[in-house]
Amino acid sequence: NMAKTPDSVLEFEKDLRRRLDVLADSEITEIEQLKQADKKAANETYTGLYNWDFRYYSNLVKERKHKVNEERVKQYFSVEPVTRGILDIYQDILKLRFDKVENPPVWHPDVTMYEVWEADNSAFLGHIYLDLFPRQGKYGHACVNPIQNGSENSDGSRVYPVAAILANFPKPTSTTPALLTHDDVITLLHEMGHLLHHICIQTKWAHFGLDSVQHDFIECPSQLFENWGWEPSVLQKFAAHYKTGERIPKELVAQLVAAKNEGAGLFNLRQVFFGMFDMAIHNTEDANVDVEATYKALREQITRFSGGSGPGCGAATFGHMMGGYDAGYYGYLWAKSFSADMYATRFTKDGITNAQTGMDYRREILCPGGSIDASVGLERFLGRAPSSAAFLESIGVANSQ
C-alpha cells in the first residue's frame with residue numbers, strides 16, 4: 001500500500017477529521033433545526049439525531065436550499081443514452097472505441113457486451129459486460145468483477161482482459177425506460193473507471209492486473225472520472241428528457257452543481273468513521289477488541305449521529321470488512337485526494353476532453369496496473385509529488401485550517 005504504515009493512515013484520518021469538523025459544525029446545526037421543527041409540529045420530544053436521520057434530513061436540506069428535485073432530475077437520465085454518453089466520454093479522452101456485440105453470449109438477457117478497441121482500430125483491447133439491473137439472488141451492491149486479466153503469451157500475442165460491471169439500477173417499466181438519479185450516473189462513471197482501468201492495463205504478467213493495484217490507490221482512477229458527471233458541458237451532451245428529447249436545462253444542472261458539496265463535512269466524516277473503525281479492529285496485536293462497542297462509540301463520536309439504545313449490530317452491515325477492504329477502507333479518501341489533484345492539475349488545466357492528457361493518463365496511471373508503485377505513476381503524470389490541496393478545496397475546506 002502507498003501509506004506503508006498504520007501510523008500514516010491514522011495521521012491522515014485524524015488530520016482530515018479535524019478539518020471536516022469545521023464544515024460539519026454548521027451542517028449539523030441545520031439538520032438539528034429541521035428535526036426539532038418536525039418534532040415540535042408533531043408535539044413530540046426532541047431526543048437528538050440518529051443514524052436513520054442522516055439521509056432523510058441531508059436530502060431535505062439539499063431540496064430546500066438548492067431546489068433539487070430528484071424526480072425531475074431522473075427524467076433526463078434514461079439508462080441507455082446515459083450509458084452511451086459515458087462510453088463516449090471514455091472513448092474521446094482515452095482514445096478508445098466501444099462496439100456493442102449483437103446477440104452476445106451472456107448469463108442473462110439484461111446483460112450487454114462490448115468489444116473495446118483502440119480508436120484508430122490498431123488493436124483489440126478486450127471485452128466488457130454491463131449487468132446493470134437487479135434480479136433475484138444477484139449481488140446487491142455496485143462493483144466491477146475482473147473475469148480474465150490481460151497478459152502476454154510466450155509468442156508475444158496477447159491474452160485479452162475481460163470484466164463486468166454489476167449494478168442494481170431501477171429496471172424499466174411498461175411505461176418508462178430505466179431512469180437514473182444523478183447519484184446513479186456518478187456511480188456508473190465510477191464503476192466504468194474501474195472497468196476501463198482493467199481493460200487498459202498492459203503488462204506481461206496476469207499477476208499485475210487490477211486486483212494487484214495498491215488498495216489505497218485502486219479507487220483513484222474510478223473516482224477521477226466521477227468529475228465528468230459534474231461538468232455542465234458534459235451533461236448537456238447526453239442528458240435528455242426521455243419523453244421529449246429536450247436537453248437537460250442549464251438551470252437544473254446549475255442546481256445539481258451548486259448542491260454538490262452540500263453536507264460534504266458530514267458525508268466525509270462518515271467515511272473517516274468507517275476508516276478509523278477499520279483500523280481500530282485490525283491495528284491490534286492481541287485482537288482483544290469489542291467490535292460492536294467500538295463501532296457504536298466511534299460512529300457517535302465522529303459522525304455525531306447516535307445508533308440509539310436498542311439491540312443491533314451495525315458492524316455486521318459493514319460489508320467491506322469481508323469484501324477485501326479490511327485494514328484498507330481508508331483508501332477511499334486517500335485515493336480521493338490523488339484523483340482530485342490529477343483532475344485539477346491536468347484535466348482542468350489542459351481541458352477536460354484533452355485526448356493528449358487522456359493518453360498521458362493511460363500511459364502513466366492505467367497501463368502499469370500493479371507492476372509499479374502508484375506514487376511513481378502519479379509523480380510522472382503530475383510532474384511533481386501529489387498534494388491534498390485540490391481535494392480539500394473541492395469539498396469546501398480551507399487548506400490553511
# chains A, B, ... in the order shown; residues from 1 in each chain; ligands from 1
>>> closest_atom_pairs(of="range 113-146 of chain A", to="range 154-162 of chain A", cutoff="10 Å", atoms="only C-alpha atoms", output="Markdown table")
| residue | atom | partner | partner_atom | distance |
| --- | --- | --- | --- | --- |
| A:Glu115 | CA | A:Val162 | CA | 9.6 |
| A:Val116 | CA | A:Val162 | CA | 9.9 |
| A:Phe124 | CA | A:Tyr160 | CA | 8.2 |
| A:Leu125 | CA | A:Tyr160 | CA | 6.2 |
| A:Gly126 | CA | A:Tyr160 | CA | 5.0 |
| A:His127 | CA | A:Val162 | CA | 4.9 |
| A:Ile128 | CA | A:Val162 | CA | 5.8 |
| A:Tyr129 | CA | A:Val162 | CA | 8.1 |
| A:Asn145 | CA | A:Val162 | CA | 8.9 |
| A:Pro146 | CA | A:Val162 | CA | 6.3 |
>>> residues_around(residues="Arg97 in chain A", least_positions_apart="2", cutoff="12 Å", atoms="only C-alpha atoms", output="short mmCIF file (atom, residue, chain, number, x, y, z; two decimals) with C-alpha atoms, in the first residue's frame")
data_model
loop_
_atom_site.label_atom_id
_atom_site.label_comp_id
_atom_site.auth_asym_id
_atom_site.auth_seq_id
_atom_site.Cartn_x
_atom_site.Cartn_y
_atom_site.Cartn_z
CA ARG A 84 -23.73 5.60 -24.41
CA LEU A 87 -18.82 5.41 -23.04
CA ASP A 88 -18.33 8.40 -25.35
CA ILE A 89 -16.51 10.27 -22.55
CA TYR A 90 -14.03 7.42 -22.15
CA GLN A 91 -13.86 6.98 -25.89
CA ASP A 92 -12.87 10.61 -26.51
CA ILE A 93 -10.47 11.06 -23.60
CA LEU A 94 -8.73 7.67 -23.69
CA LYS A 95 -8.87 7.24 -27.50
CA ASP A 99 -18.56 -1.76 -30.34
CA LYS A 100 -21.75 -3.31 -28.98
CA TYR A 114 -18.95 -4.60 -25.88
CA GLU A 115 -15.68 -5.05 -27.69
CA VAL A 116 -13.06 -2.45 -26.77
CA TRP A 117 -10.65 -1.28 -29.49
CA GLU A 118 -8.06 1.41 -29.92
CA ALA A 119 -9.84 4.36 -31.55
CA ASP A 120 -7.61 4.12 -34.64
CA ASN A 121 -8.51 0.42 -34.97
CA SER A 122 -4.86 -0.54 -34.46
CA ALA A 123 -5.53 -3.08 -31.72
CA PHE A 124 -8.26 -5.02 -29.97
CA LEU A 125 -8.11 -4.48 -26.19
CA GLY A 126 -10.72 -6.68 -24.53
CA HIS A 127 -14.37 -7.33 -23.70
CA ILE A 128 -16.66 -5.64 -21.17
CA LEU A 196 -11.54 0.65 -18.20
#
>>> residues_around(residues="His241 in chain A", least_positions_apart="2", cutoff="8 Å", atoms="only C-alpha atoms", output="ChimeraX atom specification")
/A:75-78,239,243-248
>>> write_last_selection(atoms="all heavy atoms", output="PDB file, in the first residue's frame")
ATOM      1  N   GLN A  75     -35.849  12.301 -14.971  1.00  0.00           N
ATOM      2  CA  GLN A  75     -36.472  12.296 -16.296  1.00  0.00           C
ATOM      3  C   GLN A  75     -35.446  12.489 -17.424  1.00  0.00           C
ATOM      4  O   GLN A  75     -35.705  12.146 -18.573  1.00  0.00           O
ATOM      5  CB  GLN A  75     -37.539  13.395 -16.395  1.00  0.00           C
ATOM      6  CG  GLN A  75     -38.518  13.473 -15.230  1.00  0.00           C
ATOM      7  CD  GLN A  75     -39.272  12.185 -14.981  1.00  0.00           C
ATOM      8  OE1 GLN A  75     -39.889  11.637 -15.891  1.00  0.00           O
ATOM      9  NE2 GLN A  75     -39.211  11.696 -13.752  1.00  0.00           N
ATOM     10  N   TYR A  76     -34.288  13.043 -17.052  1.00  0.00           N
ATOM     11  CA  TYR A  76     -33.266  13.354 -18.062  1.00  0.00           C
ATOM     12  C   TYR A  76     -32.142  12.311 -18.121  1.00  0.00           C
ATOM     13  O   TYR A  76     -31.218  12.457 -18.912  1.00  0.00           O
ATOM     14  CB  TYR A  76     -32.659  14.735 -17.781  1.00  0.00           C
ATOM     15  CG  TYR A  76     -33.660  15.849 -17.957  1.00  0.00           C
ATOM     16  CD1 TYR A  76     -34.431  16.287 -16.884  1.00  0.00           C
ATOM     17  CD2 TYR A  76     -33.861  16.442 -19.198  1.00  0.00           C
ATOM     18  CE1 TYR A  76     -35.366  17.303 -17.041  1.00  0.00           C
ATOM     19  CE2 TYR A  76     -34.787  17.455 -19.373  1.00  0.00           C
ATOM     20  CZ  TYR A  76     -35.540  17.884 -18.287  1.00  0.00           C
ATOM     21  OH  TYR A  76     -36.465  18.878 -18.452  1.00  0.00           O
ATOM     22  N   PHE A  77     -32.254  11.282 -17.296  1.00  0.00           N
ATOM     23  CA  PHE A  77     -31.174  10.294 -17.246  1.00  0.00           C
ATOM     24  C   PHE A  77     -31.700   8.889 -17.522  1.00  0.00           C
ATOM     25  O   PHE A  77     -31.731   8.027 -16.639  1.00  0.00           O
ATOM     26  CB  PHE A  77     -30.463  10.348 -15.890  1.00  0.00           C
ATOM     27  CG  PHE A  77     -29.660  11.600 -15.661  1.00  0.00           C
ATOM     28  CD1 PHE A  77     -29.894  12.401 -14.550  1.00  0.00           C
ATOM     29  CD2 PHE A  77     -28.678  11.978 -16.558  1.00  0.00           C
ATOM     30  CE1 PHE A  77     -29.154  13.551 -14.322  1.00  0.00           C
ATOM     31  CE2 PHE A  77     -27.933  13.132 -16.354  1.00  0.00           C
ATOM     32  CZ  PHE A  77     -28.167  13.924 -15.235  1.00  0.00           C
ATOM     33  N   SER A  78     -32.131   8.673 -18.739  1.00  0.00           N
ATOM     34  CA  SER A  78     -32.537   7.337 -19.168  1.00  0.00           C
ATOM     35  C   SER A  78     -31.289   6.491 -19.371  1.00  0.00           C
ATOM     36  O   SER A  78     -30.290   6.959 -19.937  1.00  0.00           O
ATOM     37  CB  SER A  78     -33.335   7.441 -20.472  1.00  0.00           C
ATOM     38  OG  SER A  78     -33.727   6.167 -20.931  1.00  0.00           O
ATOM     39  N   ALA A 239     -27.660  14.049 -21.407  1.00  0.00           N
ATOM     40  CA  ALA A 239     -28.835  14.080 -20.540  1.00  0.00           C
ATOM     41  C   ALA A 239     -30.003  14.712 -21.295  1.00  0.00           C
ATOM     42  O   ALA A 239     -29.993  15.909 -21.581  1.00  0.00           O
ATOM     43  CB  ALA A 239     -28.535  14.865 -19.264  1.00  0.00           C
ATOM     44  N   LYS A 243     -39.075  11.591 -22.654  1.00  0.00           N
ATOM     45  CA  LYS A 243     -40.281  11.724 -23.478  1.00  0.00           C
ATOM     46  C   LYS A 243     -40.089  12.685 -24.641  1.00  0.00           C
ATOM     47  O   LYS A 243     -40.460  12.386 -25.775  1.00  0.00           O
ATOM     48  CB  LYS A 243     -41.463  12.213 -22.618  1.00  0.00           C
ATOM     49  CG  LYS A 243     -42.039  11.173 -21.675  1.00  0.00           C
ATOM     50  CD  LYS A 243     -43.249  11.751 -20.930  1.00  0.00           C
ATOM     51  CE  LYS A 243     -43.886  10.701 -20.031  1.00  0.00           C
ATOM     52  NZ  LYS A 243     -45.038  11.286 -19.261  1.00  0.00           N
ATOM     53  N   THR A 244     -39.502  13.842 -24.346  1.00  0.00           N
ATOM     54  CA  THR A 244     -39.441  14.911 -25.359  1.00  0.00           C
ATOM     55  C   THR A 244     -38.112  15.005 -26.094  1.00  0.00           C
ATOM     56  O   THR A 244     -38.038  15.609 -27.162  1.00  0.00           O
ATOM     57  CB  THR A 244     -39.713  16.266 -24.691  1.00  0.00           C
ATOM     58  OG1 THR A 244     -38.630  16.567 -23.777  1.00  0.00           O
ATOM     59  CG2 THR A 244     -41.031  16.249 -23.930  1.00  0.00           C
ATOM     60  N   GLY A 245     -37.057  14.432 -25.489  1.00  0.00           N
ATOM     61  CA  GLY A 245     -35.730  14.568 -26.086  1.00  0.00           C
ATOM     62  C   GLY A 245     -35.066  15.894 -25.761  1.00  0.00           C
ATOM     63  O   GLY A 245     -33.937  16.150 -26.203  1.00  0.00           O
ATOM     64  N   GLU A 246     -35.745  16.746 -24.976  1.00  0.00           N
ATOM     65  CA  GLU A 246     -35.187  18.039 -24.582  1.00  0.00           C
ATOM     66  C   GLU A 246     -33.928  17.823 -23.743  1.00  0.00           C
ATOM     67  O   GLU A 246     -33.900  16.989 -22.850  1.00  0.00           O
ATOM     68  CB  GLU A 246     -36.223  18.804 -23.748  1.00  0.00           C
ATOM     69  CG  GLU A 246     -35.679  20.053 -23.080  1.00  0.00           C
ATOM     70  CD  GLU A 246     -36.468  20.470 -21.837  1.00  0.00           C
ATOM     71  OE1 GLU A 246     -37.285  19.662 -21.332  1.00  0.00           O
ATOM     72  OE2 GLU A 246     -36.234  21.589 -21.355  1.00  0.00           O
ATOM     73  N   ARG A 247     -32.881  18.593 -24.055  1.00  0.00           N
ATOM     74  CA  ARG A 247     -31.647  18.512 -23.276  1.00  0.00           C
ATOM     75  C   ARG A 247     -31.892  19.035 -21.863  1.00  0.00           C
ATOM     76  O   ARG A 247     -32.738  19.903 -21.657  1.00  0.00           O
ATOM     77  CB  ARG A 247     -30.532  19.322 -23.941  1.00  0.00           C
ATOM     78  CG  ARG A 247     -30.060  18.741 -25.260  1.00  0.00           C
ATOM     79  CD  ARG A 247     -29.353  17.430 -25.062  1.00  0.00           C
ATOM     80  NE  ARG A 247     -29.043  16.760 -26.333  1.00  0.00           N
ATOM     81  CZ  ARG A 247     -28.532  15.567 -26.429  1.00  0.00           C
ATOM     82  NH1 ARG A 247     -28.253  14.863 -25.329  1.00  0.00           N
ATOM     83  NH2 ARG A 247     -28.282  15.012 -27.594  1.00  0.00           N
ATOM     84  N   ILE A 248     -31.152  18.515 -20.913  1.00  0.00           N
ATOM     85  CA  ILE A 248     -31.345  18.924 -19.531  1.00  0.00           C
ATOM     86  C   ILE A 248     -31.154  20.438 -19.411  1.00  0.00           C
ATOM     87  O   ILE A 248     -30.177  20.990 -19.924  1.00  0.00           O
ATOM     88  CB  ILE A 248     -30.378  18.158 -18.589  1.00  0.00           C
ATOM     89  CG1 ILE A 248     -30.743  18.407 -17.121  1.00  0.00           C
ATOM     90  CG2 ILE A 248     -28.923  18.508 -18.880  1.00  0.00           C
ATOM     91  CD1 ILE A 248     -30.023  17.480 -16.146  1.00  0.00           C
TER      92      ILE A 248
END
>>> residues_around(residues="Gln33 in chain A", least_positions_apart="5", cutoff="12 Å", atoms="only C-alpha atoms", output="list in words")
Ser26, Glu27, Ile28, Asp38, Lys39, Lys40, Tyr46, Gly48, Leu49, Tyr57, Leu60 and Val61 of chain A
>>> residues_around(residues="Arg135 in chain A", least_positions_apart="2", cutoff="12 Å", atoms="only C-alpha atoms", output="list of chain:residue names")
A:His108, A:Pro109, A:Asp110, A:Val111, A:Asp131, A:Leu132, A:Phe133, A:Gly137, A:Lys138, A:Tyr139, A:Gly140, A:Leu166, A:Ala167, A:Asn168, A:Phe169, A:Pro170, A:Lys171
>>> write_last_selection(atoms="N, CA and C atoms", output="short mmCIF file (atom, residue, chain, number, x, y, z; two decimals), in the first residue's frame")
data_model
loop_
_atom_site.label_atom_id
_atom_site.label_comp_id
_atom_site.auth_asym_id
_atom_site.auth_seq_id
_atom_site.Cartn_x
_atom_site.Cartn_y
_atom_site.Cartn_z
N HIS A 108 -27.51 -13.50 -18.75
CA HIS A 108 -28.88 -13.03 -18.52
C HIS A 108 -29.25 -12.07 -19.66
N PRO A 109 -30.51 -12.07 -20.07
CA PRO A 109 -30.90 -11.21 -21.20
C PRO A 109 -30.68 -9.72 -20.95
N ASP A 110 -30.62 -9.27 -19.69
CA ASP A 110 -30.39 -7.86 -19.40
C ASP A 110 -28.95 -7.42 -19.66
N VAL A 111 -28.04 -8.37 -19.77
CA VAL A 111 -26.61 -8.05 -19.86
C VAL A 111 -26.24 -7.65 -21.29
N ASP A 131 -23.93 -5.37 -16.59
CA ASP A 131 -25.05 -6.09 -15.95
C ASP A 131 -25.65 -5.11 -14.94
N LEU A 132 -26.60 -4.29 -15.39
CA LEU A 132 -26.97 -3.08 -14.66
C LEU A 132 -28.24 -3.17 -13.81
N PHE A 133 -29.03 -4.22 -13.97
CA PHE A 133 -30.34 -4.25 -13.30
C PHE A 133 -30.43 -5.35 -12.27
N GLY A 137 -31.31 -13.01 -6.24
CA GLY A 137 -30.06 -13.71 -5.98
C GLY A 137 -28.81 -12.99 -6.43
N LYS A 138 -28.96 -11.82 -7.07
CA LYS A 138 -27.79 -11.09 -7.57
C LYS A 138 -27.14 -10.29 -6.45
N TYR A 139 -25.83 -10.11 -6.53
CA TYR A 139 -25.09 -9.27 -5.60
C TYR A 139 -25.74 -7.89 -5.54
N GLY A 140 -25.95 -7.35 -4.35
CA GLY A 140 -26.78 -6.18 -4.18
C GLY A 140 -26.08 -4.84 -4.25
N LEU A 166 -21.31 -5.00 -12.27
CA LEU A 166 -22.56 -5.43 -11.65
C LEU A 166 -23.16 -4.23 -10.94
N ALA A 167 -24.41 -3.91 -11.26
CA ALA A 167 -25.10 -2.81 -10.60
C ALA A 167 -26.56 -3.19 -10.40
N ASN A 168 -27.29 -2.33 -9.73
CA ASN A 168 -28.70 -2.60 -9.42
C ASN A 168 -29.54 -1.34 -9.62
N PHE A 169 -29.45 -0.77 -10.81
CA PHE A 169 -30.22 0.42 -11.13
C PHE A 169 -31.68 0.05 -11.38
N PRO A 170 -32.60 1.01 -11.20
CA PRO A 170 -34.02 0.70 -11.41
C PRO A 170 -34.29 0.15 -12.82
N LYS A 171 -35.10 -0.89 -12.89
CA LYS A 171 -35.42 -1.51 -14.17
C LYS A 171 -36.47 -0.69 -14.92
#
>>> atom_distance(atom1="CA of Ala390 in chain A", atom2="CA of Leu333 in chain A")
12.9 Å
>>> select_by_dssp(residues="range 114-320 of chain A", states="strand (DSSP E or B)", output="ChimeraX atom specification")
/A:114-118,124-131,143-148,151-152,158-159,162-166,179,240,247,306
>>> atom_distance(atom1="CA of Val144 in chain A", atom2="CA of Ile165 in chain A")
4.5 Å
>>> closest_atom_pairs(of="range 160-267 of chain A", to="range 356-364 of chain A", cutoff="9 Å", atoms="only C-alpha atoms", output="CSV")
residue,atom,partner,partner_atom,distance
A:His197,CA,A:Arg362,CA,8.5
A:Cys200,CA,A:Arg362,CA,7.1
A:Ile201,CA,A:Arg362,CA,8.5
>>> write_last_selection(atoms="all heavy atoms", output="mmCIF file, in the first residue's frame")
data_model
loop_
_atom_site.group_PDB
_atom_site.id
_atom_site.type_symbol
_atom_site.label_atom_id
_atom_site.label_comp_id
_atom_site.auth_asym_id
_atom_site.auth_seq_id
_atom_site.Cartn_x
_atom_site.Cartn_y
_atom_site.Cartn_z
ATOM 1 N N HIS A 197 -9.927 0.763 -16.347
ATOM 2 C CA HIS A 197 -8.611 0.540 -15.753
ATOM 3 C C HIS A 197 -8.167 -0.894 -16.058
ATOM 4 O O HIS A 197 -7.058 -1.141 -16.537
ATOM 5 C CB HIS A 197 -8.689 0.783 -14.248
ATOM 6 C CG HIS A 197 -7.367 0.810 -13.561
ATOM 7 N ND1 HIS A 197 -7.236 1.020 -12.203
ATOM 8 C CD2 HIS A 197 -6.088 0.634 -14.017
ATOM 9 C CE1 HIS A 197 -5.958 1.006 -11.864
ATOM 10 N NE2 HIS A 197 -5.244 0.751 -12.946
ATOM 11 N N CYS A 200 -7.370 -1.378 -19.813
ATOM 12 C CA CYS A 200 -6.212 -0.644 -20.339
ATOM 13 C C CYS A 200 -4.874 -1.108 -19.768
ATOM 14 O O CYS A 200 -3.820 -0.657 -20.229
ATOM 15 C CB CYS A 200 -6.383 0.855 -20.076
ATOM 16 S SG CYS A 200 -7.655 1.642 -21.087
ATOM 17 N N ILE A 201 -4.892 -1.979 -18.772
ATOM 18 C CA ILE A 201 -3.635 -2.485 -18.220
ATOM 19 C C ILE A 201 -2.884 -3.273 -19.299
ATOM 20 O O ILE A 201 -3.448 -4.139 -19.959
ATOM 21 C CB ILE A 201 -3.894 -3.369 -16.986
ATOM 22 C CG1 ILE A 201 -4.371 -2.502 -15.811
ATOM 23 C CG2 ILE A 201 -2.631 -4.140 -16.573
ATOM 24 C CD1 ILE A 201 -4.835 -3.288 -14.601
#
>>> closest_residue(among="A:Val257, A:Leu266, A:Met192, A:Val73", to="Arg55 in chain A", atoms="only C-alpha atoms")
A:Leu266
>>> closest_residue(among="A:Lys336, A:His198, A:His282, A:His182", to="Ile395 in chain A", atoms="only C-alpha atoms")
A:Lys336
>>> residues_around(residues="range 312-324 of chain A", least_positions_apart="6", cutoff="8 Å", atoms="only C-alpha atoms", output="VMD selection string")
chain A and resid 278 291 to 292 295 to 296
>>> atom_distance(atom1="CA of Ser222 in chain A", atom2="CA of His194 in chain A")
5.3 Å
>>> closest_residue(among="A:Phe347, A:Phe98, A:Tyr329, A:Tyr56", to="Asp216 in chain A", atoms="only C-alpha atoms")
A:Tyr329
>>> closest_residue(among="A:Ala297, A:Thr348, A:Asp341, A:Tyr242", to="Ser309 in chain A", atoms="only C-alpha atoms")
A:Ala297
>>> closest_residue(among="A:Leu269, A:Glu285, A:Asn149, A:Gly369", to="Lys14 in chain A", atoms="only C-alpha atoms")
A:Leu269
